Structure formats: structure tokens, C-alpha cells
Amino acid sequence: MTTHELKKIVNSYEAAHKNGQKAVLATVVALEGSSYRRPGVRMLLLEDGTMVGAVSGGCVEKEVYRQAHSVFTTQVPKIMTYDGRYRLGCEGILFILLEPFRPSPEVITQFWASIGQRTAFHMRSYFNPHFGEDVNYGSVLEVNETILPLREGYVIPTDLESFHQTLPPCFRLVIIGAEHDAVQLCSMAGLMGWEVTVVAHPKEGKTAMDFPGSTDFVNAEAETLHINADHQTAIVLMTHSYVKDLQFLMALSGHEPAYFGILGPARRREKLFNELLEQNPDTPLEFIESVHGPAGLELGAETPQEIALSVLSEILAVINQKEAISLREKKGRIHA
């Protein structure tokens, strides 16, 4: 599960809570065999039948909601098992914790504070895979060493198994440039659930409305740009201006993002590097060697949409430390 998916769950809960709706949180806490999604994935179930998120590719969700009826009624958590060996293509057995979801206002406040501060947090779910209902089943959120139960009054048990998950800050993509291909990259990254910051030169006259999927829009020149590029951040430089690219490259050369890409051919990249070193000879060699230019994987991309797919694919491979190969050529299971 990603932090972005959990954000959607909390947002939906807050809206439903204002309307007086009860909510149930479903968490895959264990798996035997293989499955479309791995343990840690969660979905929110509301009384009116709304489901936010998914615990599989769509084949399990109706059964999860049916099993959750008793939790809505009794407010007692339960473990359900779903055996897909004879019904699904994944042929696995899912163990899913269903629990009342009613976090206190403090939990909600701490959660959004963690999101804003871009700090990692932890979730832990307590359960017994071999027994159905139990009032001691439940989950907690741990932020800055503070343990926060996901339902008021829950006391952590000492005699149950637990599933632990660490959720890093939301992955962020910083797009420097405002041409048509930047719009496509922004839109596709937004669909992936990434936080997208678009940086445009003030003279371009662009606004956030020009970039569907963006979460932040900045009008800035290289000299005034301030970005905290942590290890959950990717930067793609694509202004289509050699001078601007060089200025931004110089301004960002001290950062260590998870990914740094430059759009354009290899000859242009080398010219940028040469001039960067001439003007700033103290530029770390490690920074230059880490830059991906031309940005993207070799997919035969031609259109702005295809180029965006190529760039996003490379970013995903880099941050997951994977060699981009066809799954047909992969030996063993898809997920380790």
C-alpha cells in the first residue's frame, strides 16, 4: 500500500464521518501463495456501499463487503479468509482483517501533520489468522514514536500476531518546465498517485489550472527556486530552453533526489555538463553521474504521452532499484 492510497482512505472517512456514516477498514495482513496485491494493502468500506481502494484486482471486494456486514452491526473486528486457488488467477489465500474504523481527531491531526512534514510513519495490525471475531483485533498508527489506535478505546494486545508496515512520505515528482509534454507528464504522474510540483518561469504565464494532476504550482526562476529534494523526490528538467536548463541544473546540483532526469538528446546533455563544470568546477562528480539524460526508457516513444510513459517507467525502475526487463524474462515470482 502507498501513502497516497491511505490519504484517500482518510479523506473519504472524514467526509463520511461528517454525514454520520460508520466505516470499516479492510487490511490484507497475511497471504499464502500469490495475489494481485501484497499484505499491507487496505480499503475503506462505508455503510452506503461505497468502497475506497481495493485489496485485489476487483475479484475479492464484493465478498469483503459482504463479510463486513457483521462488523458494521456489532463493531467487533474479525478475520476473514478468501481462498482464490479455484476462483482466481493468482491462486492464493488472503487473510483480511476487518475492523471498525473510527480514529479520534488526534489521530487524524497527527496523520495529516506527518503527511505535511514528509515523515515516514508505521502501521501495525494485530490478529489471529485461525480465529474469526475478536475484540482485541485492531490496528494502530505510529507517528514520531507516538502510538495512535485507529479506533477510540482500543488497547494493544500482547498475545496476538502482528503485521507491521512502514509507509514512507508520498513520492513527489518535480517537473521543471511548462510545455505540452510537461502537462502530459504531470497528468500521468497524478494518476499514479504521486504528488506533483510544477515549476514554470514567471514569463510563461502559466497557472496551476494548466496542469491537471498537480498538487503544487510554483512560478520561479532558477535563482529563486527552493526545493527540499529528499529521497522520495524525482526531478525532471524539461524547459526546452538550453539557457534555462543550465540555470536550473546549476541551482540543483547540490541536491540528491531519488531521480534526476533531463529531457533532450545526449549531445545536449554533454554540452550542459561541460558548461556546468566550467561555471561551477566544484560540482560533485556523483551528481553528474546520477543524472539520467536523455530521461526515459527506450520504448520507441514519439508522442508527448508516450514520452511521459517512458520517463515515468524509468523513474519507477530507479526508485525500486529494478532493471527494466520484460516480466516474461523474469525468473521466479513477480514479487519477492
# chains A, B, ... in the order shown; residues from 1 in each chain; ligands from 1
$ select_by_dssp --residues "range 171-227 of chain A" --states "strand (DSSP E or B)" --output "PyMOL selection string"
chain A and resi 172-176+195-200+216-219
$ write_last_selection --atoms "N, CA, C and O atoms" --output "mmCIF file, in the first residue's frame"
data_model
loop_
_atom_site.group_PDB
_atom_site.id
_atom_site.type_symbol
_atom_site.label_atom_id
_atom_site.label_comp_id
_atom_site.auth_asym_id
_atom_site.auth_seq_id
_atom_site.Cartn_x
_atom_site.Cartn_y
_atom_site.Cartn_z
ATOM 1 N N ARG A 172 7.151 12.217 -4.629
ATOM 2 C CA ARG A 172 6.922 13.528 -5.236
ATOM 3 C C ARG A 172 7.722 13.665 -6.525
ATOM 4 O O ARG A 172 8.894 13.284 -6.592
ATOM 5 N N LEU A 173 7.088 14.195 -7.545
ATOM 6 C CA LEU A 173 7.739 14.492 -8.810
ATOM 7 C C LEU A 173 7.756 15.995 -9.011
ATOM 8 O O LEU A 173 6.711 16.648 -8.961
ATOM 9 N N VAL A 174 8.943 16.547 -9.223
ATOM 10 C CA VAL A 174 9.094 17.972 -9.525
ATOM 11 C C VAL A 174 9.379 18.107 -11.019
ATOM 12 O O VAL A 174 10.390 17.611 -11.517
ATOM 13 N N ILE A 175 8.468 18.749 -11.726
ATOM 14 C CA ILE A 175 8.605 18.974 -13.165
ATOM 15 C C ILE A 175 9.002 20.425 -13.377
ATOM 16 O O ILE A 175 8.259 21.341 -13.012
ATOM 17 N N ILE A 176 10.173 20.636 -13.957
ATOM 18 C CA ILE A 176 10.631 21.995 -14.234
ATOM 19 C C ILE A 176 10.448 22.241 -15.730
ATOM 20 O O ILE A 176 11.213 21.748 -16.562
ATOM 21 N N GLU A 195 2.626 13.044 -5.677
ATOM 22 C CA GLU A 195 2.479 14.481 -5.504
ATOM 23 C C GLU A 195 3.330 15.158 -6.584
ATOM 24 O O GLU A 195 4.511 14.849 -6.727
ATOM 25 N N VAL A 196 2.730 16.053 -7.330
ATOM 26 C CA VAL A 196 3.416 16.653 -8.471
ATOM 27 C C VAL A 196 3.539 18.160 -8.284
ATOM 28 O O VAL A 196 2.542 18.860 -8.142
ATOM 29 N N THR A 197 4.781 18.634 -8.283
ATOM 30 C CA THR A 197 5.069 20.062 -8.241
ATOM 31 C C THR A 197 5.539 20.502 -9.624
ATOM 32 O O THR A 197 6.474 19.913 -10.179
ATOM 33 N N VAL A 198 4.891 21.498 -10.176
ATOM 34 C CA VAL A 198 5.275 22.044 -11.482
ATOM 35 C C VAL A 198 5.937 23.392 -11.262
ATOM 36 O O VAL A 198 5.395 24.265 -10.579
ATOM 37 N N VAL A 199 7.125 23.546 -11.848
ATOM 38 C CA VAL A 199 7.857 24.808 -11.755
ATOM 39 C C VAL A 199 7.872 25.451 -13.142
ATOM 40 O O VAL A 199 8.375 24.858 -14.100
ATOM 41 N N ALA A 200 7.307 26.629 -13.244
ATOM 42 C CA ALA A 200 7.248 27.350 -14.522
ATOM 43 C C ALA A 200 7.905 28.713 -14.370
ATOM 44 O O ALA A 200 7.845 29.336 -13.304
ATOM 45 N N ASP A 216 0.973 21.090 -6.549
ATOM 46 C CA ASP A 216 1.641 22.340 -6.212
ATOM 47 C C ASP A 216 2.136 22.987 -7.502
ATOM 48 O O ASP A 216 2.583 22.295 -8.421
ATOM 49 N N PHE A 217 2.024 24.298 -7.567
ATOM 50 C CA PHE A 217 2.483 25.028 -8.748
ATOM 51 C C PHE A 217 3.334 26.196 -8.290
ATOM 52 O O PHE A 217 2.953 26.951 -7.383
ATOM 53 N N VAL A 218 4.517 26.335 -8.908
ATOM 54 C CA VAL A 218 5.466 27.371 -8.497
ATOM 55 C C VAL A 218 5.897 28.184 -9.708
ATOM 56 O O VAL A 218 6.334 27.627 -10.719
ATOM 57 N N ASN A 219 5.769 29.499 -9.615
ATOM 58 C CA ASN A 219 6.359 30.404 -10.603
ATOM 59 C C ASN A 219 7.707 30.841 -10.054
ATOM 60 O O ASN A 219 7.770 31.552 -9.037
#
$ residues_around --residues "His164 in chain A" --least-positions-apart "2" --cutoff "7 Å" --atoms "only C-alpha atoms" --output "list in words"
Met123, Arg124, Ser125, Ser162 and Thr166 of chain A
$ write_last_selection --atoms "N, CA, C and O atoms" --output "mmCIF file, in the first residue's frame"
data_model
loop_
_atom_site.group_PDB
_atom_site.id
_atom_site.type_symbol
_atom_site.label_atom_id
_atom_site.label_comp_id
_atom_site.auth_asym_id
_atom_site.auth_seq_id
_atom_site.Cartn_x
_atom_site.Cartn_y
_atom_site.Cartn_z
ATOM 1 N N MET A 123 2.417 1.449 10.537
ATOM 2 C CA MET A 123 1.117 0.884 10.880
ATOM 3 C C MET A 123 1.331 -0.556 11.317
ATOM 4 O O MET A 123 2.155 -1.274 10.744
ATOM 5 N N ARG A 124 0.587 -0.963 12.355
ATOM 6 C CA ARG A 124 0.695 -2.328 12.843
ATOM 7 C C ARG A 124 -0.713 -2.865 13.112
ATOM 8 O O ARG A 124 -1.516 -2.194 13.768
ATOM 9 N N SER A 125 -0.978 -4.062 12.602
ATOM 10 C CA SER A 125 -2.284 -4.692 12.772
ATOM 11 C C SER A 125 -2.123 -5.970 13.590
ATOM 12 O O SER A 125 -1.237 -6.782 13.315
ATOM 13 N N SER A 162 1.171 -9.892 14.716
ATOM 14 C CA SER A 162 1.025 -8.538 14.201
ATOM 15 C C SER A 162 1.659 -8.433 12.824
ATOM 16 O O SER A 162 2.646 -9.109 12.532
ATOM 17 N N THR A 166 5.879 -0.098 7.189
ATOM 18 C CA THR A 166 6.412 1.261 7.209
ATOM 19 C C THR A 166 6.005 1.965 5.929
ATOM 20 O O THR A 166 6.218 1.447 4.834
#
$ residues_around --residues "Ala54 in chain A" --least-positions-apart "3" --cutoff "12 Å" --atoms "only C-alpha atoms" --output "PyMOL selection string"
chain A and resi 1+5-6+8-9+25-28+36-38+40-45+50-51+57-65+96
$ residues_around --residues "range 140-142 of chain A" --least-positions-apart "2" --cutoff "7 Å" --atoms "only C-alpha atoms" --output "VMD selection string"
chain A and resid 121 to 125 144 to 150
$ residues_around --residues "Ile115 in chain A" --least-positions-apart "4" --cutoff "8 Å" --atoms "only C-alpha atoms" --output "MDAnalysis selection string"
chainID A and resid 111 119 169:170
$ residues_around --residues "range 284-300 of chain A" --least-positions-apart "6" --cutoff "7 Å" --atoms "only C-alpha atoms" --output "list of chain:residue names"
A:Ser253, A:Phe260, A:Gly261, A:Ile262, A:Leu263, A:Gly264, A:Pro265, A:Ala266, A:Arg269, A:Ser310, A:Val311, A:Ser313, A:Glu314
$ residues_around --residues "range 220-227 of chain A" --least-positions-apart "6" --cutoff "9 Å" --atoms "only C-alpha atoms" --output "list of chain:residue names"
A:Val174, A:Val199, A:Ala200, A:His201, A:Pro202, A:Lys244, A:Asp245, A:Gln247, A:Phe248, A:Leu249, A:Met250, A:Ala251, A:Leu252, A:His255
$ atom_distance --atom1 "CA of Val135 in chain A" --atom2 "CA of Glu161 in chain A"
14.2 Å
$ closest_residue --among "A:Ala120, A:Leu277, A:Phe95, A:Ala308" --to "Cys186 in chain A" --atoms "only C-alpha atoms"
A:Ala308
$ closest_residue --among "A:Val243, A:Ala189, A:Ala178, A:Val76" --to "Tyr154 in chain A" --atoms "only C-alpha atoms"
A:Val76
$ atom_distance --atom1 "CA of Glu256 in chain A" --atom2 "CA of Glu302 in chain A"
29.6 Å
$ select_by_dssp --residues "range 47-192 of chain A" --states "alpha helix (DSSP H)" --output "PyMOL selection string"
chain A and resi 61-74+105-117+180-191
$ closest_residue --among "A:Pro304, A:Pro129, A:Gly92, A:Pro168" --to "Val183 in chain A" --atoms "only C-alpha atoms"
A:Pro304
